[in-house]
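Data from protein.csv: CSV, C-alpha atoms
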chain,number,residue,atom,x,y,z
A,1,MET,CA,-6.3,-41.4,-7.4
A,2,ASP,CA,-10.1,-41.4,-8.0
A,3,LEU,CA,-10.9,-44.4,-10.3
A,4,LYS,CA,-14.4,-45.9,-9.9
A,5,PRO,CA,-14.8,-49.2,-11.7
A,6,ALA,CA,-18.3,-49.7,-13.2
A,7,SER,CA,-17.9,-53.4,-13.7
A,8,VAL,CA,-15.8,-56.3,-12.5
A,9,ILE,CA,-14.1,-59.4,-14.0
A,10,ARG,CA,-16.4,-62.4,-13.9
A,11,LYS,CA,-15.5,-66.0,-14.6
A,12,GLY,CA,-12.3,-65.2,-16.5
A,13,ARG,CA,-14.0,-62.6,-18.8
A,14,SER,CA,-13.1,-59.0,-18.6
A,15,LEU,CA,-15.9,-56.5,-18.8
A,16,LYS,CA,-15.3,-52.9,-19.8
A,17,MET,CA,-14.2,-50.7,-16.9
A,18,ASP,CA,-15.7,-47.3,-16.8
A,19,LYS,CA,-12.8,-45.1,-15.6
A,20,ARG,CA,-13.6,-41.8,-13.9
A,21,VAL,CA,-11.1,-39.0,-13.2
A,22,ASN,CA,-12.2,-36.2,-11.0
A,23,LEU,CA,-10.3,-32.9,-11.0
A,24,LYS,CA,-10.8,-29.7,-9.2
A,25,ILE,CA,-9.2,-26.9,-11.2
A,26,GLU,CA,-8.6,-23.3,-10.2
A,27,LEU,CA,-6.8,-21.5,-13.0
A,28,LYS,CA,-3.9,-19.2,-12.1
A,29,VAL,CA,-2.7,-16.2,-14.1
A,30,SER,CA,0.4,-18.1,-15.2
A,31,GLU,CA,-1.6,-20.9,-16.6
A,32,MET,CA,-4.0,-18.6,-18.5
A,33,TYR,CA,-0.9,-16.7,-19.8
A,34,GLU,CA,0.6,-19.9,-21.2
A,35,PHE,CA,-2.7,-20.8,-22.9
A,36,LEU,CA,-2.9,-17.3,-24.5
A,37,LEU,CA,0.7,-17.4,-25.6
A,38,ARG,CA,0.3,-20.8,-27.1
A,39,HIS,CA,-2.9,-19.8,-28.8
A,40,ALA,CA,-1.5,-16.5,-30.2
A,41,TYR,CA,1.8,-17.9,-31.5
A,42,THR,CA,0.7,-21.2,-33.0
A,43,SER,CA,-1.9,-19.5,-35.3
A,44,VAL,CA,-1.1,-18.3,-38.8
A,45,ALA,CA,-1.5,-14.7,-37.7
A,46,GLY,CA,0.9,-15.2,-34.8
A,47,LEU,CA,3.6,-16.8,-37.0
A,48,VAL,CA,3.2,-14.0,-39.6
A,49,GLY,CA,3.6,-11.4,-36.9
A,50,VAL,CA,6.8,-13.0,-35.6
A,51,GLY,CA,8.1,-13.2,-39.1
A,52,ILE,CA,7.4,-9.5,-39.7
A,53,SER,CA,9.2,-8.7,-36.4
A,54,LEU,CA,12.2,-10.8,-37.4
A,55,VAL,CA,12.4,-9.2,-40.9
A,56,ALA,CA,12.2,-5.8,-39.3
A,57,PHE,CA,14.9,-6.6,-36.9
A,58,VAL,CA,17.2,-7.9,-39.7
A,59,PHE,CA,16.6,-4.7,-41.7
A,60,PHE,CA,17.3,-2.7,-38.5
A,61,LEU,CA,20.7,-4.5,-38.1
A,62,ILE,CA,21.5,-4.0,-41.8
A,63,SER,CA,20.6,-0.3,-41.9
A,64,LEU,CA,22.0,0.5,-38.4
A,65,ASN,CA,24.8,2.7,-39.7
A,66,LYS,CA,23.4,3.5,-43.1
A,67,SER,CA,19.9,5.0,-42.4
A,68,ASP,CA,18.5,7.9,-40.5
A,69,ALA,CA,17.5,7.5,-36.9
A,70,TYR,CA,13.8,7.7,-37.5
A,71,GLN,CA,13.9,4.7,-39.9
A,72,ASN,CA,15.9,2.7,-37.3
A,73,ILE,CA,13.5,3.6,-34.5
A,74,LEU,CA,10.5,2.6,-36.7
A,75,LEU,CA,12.2,-0.7,-37.6
A,76,LEU,CA,13.0,-1.4,-34.0
A,77,LEU,CA,9.4,-0.7,-32.9
A,78,ILE,CA,8.1,-3.0,-35.6
A,79,ALA,CA,10.6,-5.7,-34.5
A,80,SER,CA,9.4,-5.4,-30.9
A,81,LEU,CA,5.7,-5.6,-31.6
A,82,PHE,CA,5.3,-9.4,-31.7
A,83,THR,CA,8.4,-10.3,-29.6
A,84,ILE,CA,8.1,-7.9,-26.7
A,85,VAL,CA,4.9,-5.8,-26.8
A,86,ASN,CA,2.4,-8.7,-27.6
A,87,PRO,CA,3.7,-11.0,-24.8
A,88,ILE,CA,3.3,-8.2,-22.3
A,89,GLN,CA,-0.2,-7.4,-23.5
A,90,LEU,CA,-1.1,-11.1,-23.2
A,91,ARG,CA,0.2,-11.2,-19.6
A,92,PHE,CA,-2.1,-8.3,-18.7
A,93,LYS,CA,-5.0,-10.0,-20.5
A,94,ALA,CA,-4.4,-13.2,-18.6
A,95,LYS,CA,-4.3,-11.3,-15.3
A,96,GLN,CA,-7.5,-9.4,-16.3
A,97,GLN,CA,-9.4,-12.6,-17.3
A,98,VAL,CA,-8.4,-14.6,-14.2
A,99,CYS,CA,-8.8,-11.7,-11.7
A,100,LEU,CA,-12.0,-10.0,-13.0
A,101,ASN,CA,-14.0,-12.9,-14.5
A,102,PRO,CA,-16.2,-14.4,-11.8
A,103,MET,CA,-16.0,-17.8,-13.4
A,104,PHE,CA,-12.3,-18.1,-12.5
A,105,LYS,CA,-12.9,-17.1,-8.8
A,106,ILE,CA,-14.4,-20.5,-8.0
A,107,PRO,CA,-12.8,-23.8,-8.9
A,108,LEU,CA,-14.3,-25.9,-11.7
A,109,ASP,CA,-15.1,-29.6,-10.9
A,110,TYR,CA,-14.3,-31.9,-13.9
A,111,GLU,CA,-15.4,-35.5,-14.2
A,112,PHE,CA,-14.0,-37.4,-17.1
A,113,SER,CA,-15.4,-40.8,-17.9
A,114,ASP,CA,-16.1,-43.2,-20.8
A,115,ASN,CA,-19.4,-41.3,-21.2
A,116,GLY,CA,-17.8,-37.9,-21.7
A,117,ILE,CA,-16.9,-34.8,-19.6
A,118,VAL,CA,-19.0,-33.2,-16.9
A,119,VAL,CA,-18.1,-29.8,-15.7
A,120,LYS,CA,-19.6,-28.3,-12.6
A,121,GLN,CA,-19.4,-25.0,-10.8
A,122,ASN,CA,-21.8,-24.0,-8.0
A,123,ASP,CA,-25.3,-25.1,-9.3
A,124,GLN,CA,-24.4,-25.1,-13.0
A,125,GLN,CA,-23.4,-28.2,-14.9
A,126,ALA,CA,-22.3,-28.8,-18.5
A,127,GLU,CA,-22.1,-32.3,-20.1
A,128,LEU,CA,-20.0,-32.9,-23.2
A,129,SER,CA,-19.5,-35.9,-25.3
A,130,TRP,CA,-16.0,-37.0,-26.4
A,131,ASN,CA,-17.3,-36.7,-29.9
A,132,ASP,CA,-17.6,-32.9,-29.4
A,133,THR,CA,-13.8,-32.6,-29.0
A,134,PHE,CA,-12.2,-30.5,-31.7
A,135,LYS,CA,-8.6,-31.3,-30.6
A,136,VAL,CA,-6.5,-32.0,-27.5
A,137,VAL,CA,-3.1,-30.4,-27.0
A,138,GLU,CA,-0.5,-31.2,-24.3
A,139,THR,CA,2.2,-28.6,-23.4
A,140,ASN,CA,4.8,-28.8,-20.7
A,141,LYS,CA,2.4,-27.5,-18.1
A,142,LEU,CA,-1.1,-27.9,-19.6
A,143,VAL,CA,-3.6,-30.2,-21.2
A,144,ILE,CA,-6.0,-28.2,-23.3
A,145,ILE,CA,-9.2,-29.9,-24.5
A,146,TYR,CA,-10.6,-27.7,-27.4
A,147,PHE,CA,-14.3,-27.8,-28.4
A,148,SER,CA,-13.7,-25.2,-31.1
A,149,LYS,CA,-10.7,-23.4,-32.6
A,150,VAL,CA,-10.8,-20.9,-29.7
A,151,THR,CA,-12.6,-22.4,-26.8
A,152,GLY,CA,-11.5,-25.2,-24.5
A,153,TYR,CA,-10.8,-26.5,-21.1
A,154,ILE,CA,-7.4,-25.6,-19.7
A,155,LEU,CA,-6.2,-28.3,-17.3
A,156,PRO,CA,-2.9,-27.5,-15.5
A,157,LYS,CA,-0.8,-30.6,-15.0
A,158,SER,CA,0.2,-29.3,-11.6
A,159,GLN,CA,-3.3,-29.8,-10.4
A,160,MET,CA,-3.8,-33.3,-11.7
A,161,GLY,CA,-1.7,-35.1,-9.1
A,162,ASP,CA,-1.5,-38.8,-9.7
A,163,GLN,CA,-4.5,-38.8,-12.1
A,164,LYS,CA,-2.7,-37.4,-15.1
A,165,SER,CA,-1.9,-40.8,-16.7
A,166,ASP,CA,-5.5,-42.0,-16.1
A,167,LEU,CA,-6.8,-38.8,-17.8
A,168,MET,CA,-4.4,-39.3,-20.7
A,169,ASP,CA,-5.6,-42.9,-21.1
A,170,LEU,CA,-9.2,-41.7,-21.3
A,171,ILE,CA,-8.4,-39.0,-23.8
A,172,ARG,CA,-6.4,-41.5,-26.0
A,173,SER,CA,-9.2,-44.0,-25.9
A,174,HIS,CA,-12.0,-41.6,-26.8
A,175,VAL,CA,-10.5,-38.9,-29.0
A,176,ASP,CA,-9.4,-39.6,-32.6
A,177,GLU,CA,-5.6,-39.9,-32.7
A,178,LYS,CA,-5.5,-37.2,-35.5
A,179,LYS,CA,-7.0,-34.7,-33.1
A,180,CYS,CA,-4.5,-35.4,-30.3
A,181,LYS,CA,-1.2,-33.6,-29.9
A,182,LEU,CA,0.0,-35.4,-26.8
A,183,LYS,CA,3.5,-36.0,-25.6
A,184,GLY,CA,4.5,-39.6,-26.2
A,185,SER,CA,2.0,-39.9,-29.1
A,186,LYS,CA,2.9,-40.3,-32.7
Just give me the structure of the file as structure tokens.
Amino acid sequence: MDLKPASVIRKGRSLKMDKRVNLKIELKVSEMYEFLLRHAYTSVAGLVGVGISLVAFVFFLISLNKSDAYQNILLLLIASLFTIVNPIQLRFKAKQQVCLNPMFKIPLDYEFSDNGIVVKQNDQQAELSWNDTFKVVETNKLVIIYFSKVTGYILPKSQMGDQKSDLMDLIRSHVDEKKCKLKGSK
């Protein structure tokens, strides 16, 4: 665990502690795939697509013995678009992004503190304030810190080690509760 206190307790008074969490993150294809799936299927367009697929599948089942083969094939194709084809495409997209994008070939160094987030890679550095956070989402395997509707930092829990709870404490203390979709939160 990498916590660096910025102040100490003096004469019975507690001064604010500046917690720091340092993570080295190297995104894998499976983690990018989970992010893309979540992003695709929690949007309105994704939910509409799944709805269309389900309706097409119901019509396929209803018309199985009553319609011609071409209509059944068409209904089955529509039913499979968002339930089979799209997840396969997203898997290929995840692999392409992680394997071909030079940014993902070198791990990112994250430093989370009361002052914000610093991300470093090679000689480049980005500093972000907690106020810039659009929302934070926790899934079973990821913590995603969004800075817009479509861009964010993907943080695999498997690479957090024993620092996960410290990171979650920092997020909870600096990001508005309404912007946080964290497990164990209201």
### Task
Fewer than 5 positions away in the same chain doesn't count, so skip those; otherwise give me all residues within 9 Å of A:Leu36, counting all atoms listed in the file, as a VMD selection string.
chain A and resid 31 41 90 to 91 93 to 94
### Query
What separation in Å, quoted to one decimal, exists between atom CA of A:Leu170 and atom CA of A:Val136?
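If I compute the distance from atom CA of A:Leu170 to atom CA of A:Val136, I get 11.8 Å.
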If you take only C-alpha atoms and a cut-off of 9 Å, which residues of stretch 1-95 of chain A touch stretch 147-161 of chain A, and what are their nearest atom pairs and distances in Å to one decimal, in chain and number order, as a Markdown table?
| residue | atom | partner | partner_atom | distance |
| --- | --- | --- | --- | --- |
| A:Met1 | CA | A:Gly161 | CA | 8.0 |
| A:Asn22 | CA | A:Met160 | CA | 8.9 |
| A:Leu23 | CA | A:Met160 | CA | 6.5 |
| A:Lys24 | CA | A:Gln159 | CA | 7.6 |
| A:Ile25 | CA | A:Gln159 | CA | 6.6 |
| A:Glu26 | CA | A:Gln159 | CA | 8.4 |
| A:Leu27 | CA | A:Pro156 | CA | 7.6 |
| A:Glu31 | CA | A:Pro156 | CA | 6.8 |
| A:Met32 | CA | A:Ile154 | CA | 7.9 |
| A:Phe35 | CA | A:Ile154 | CA | 7.4 |
| A:His39 | CA | A:Val150 | CA | 8.0 |
### Task
Please measure the separation of atom CA of A:Ser30 and atom CA of A:Thr42, giving the value in Å to one decimal.
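So the two atoms, atom CA of A:Ser30 and atom CA of A:Thr42, lie 18.1 Å apart.
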### Query
Between atom CA of A:Val119 and atom CA of A:Val98, what is the distance, to one decimal in Å?
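Between atom CA of A:Val119 and atom CA of A:Val98 the gap works out to 18.1 Å.
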### Query
Which is closest to A:Ile73 among A:Val143, A:Phe57, A:Asn101, A:Glu127, if we use all atoms listed in the file?
A:Phe57
### Query
Looking at all atoms listed in the file, which of A:Lys164, A:His174, A:Lys120, A:Lys105 is the one that sits closest to A:Asp132?
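So, comparing all the options, the nearest one is A:His174.
Between A:Val55 and the residues A:Ile144, A:Pro87, A:Leu76, A:Val175, the shortest atom-to-atom distance, using all atoms listed in the file, involves A:Leu76.
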### Message
Taking only C-alpha atoms into account, name the residue in A:Ser80, A:Gln97, A:Lys141, A:Leu54 that is nearest to A:Arg38.
### Response
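Among A:Ser80, A:Gln97, A:Lys141, A:Leu54, it is A:Lys141 that comes nearest to A:Arg38.
Every protein or nucleic acid residue with an atom no more than 7 Å from A:Cys180, counting only C-alpha atoms and leaving out same-chain residues fewer than 4 positions away, appears here: A:Lys135, A:Val136, A:Val137, A:Asp176.
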### Query
Any idea what's packed within 8 Å of stretch 60-62 of chain A, counting all atoms listed in the file, ignoring anything in its chain fewer than 4 positions away? Could you give it as a ChimeraX atom specification?
/A:56,66,72,75-76
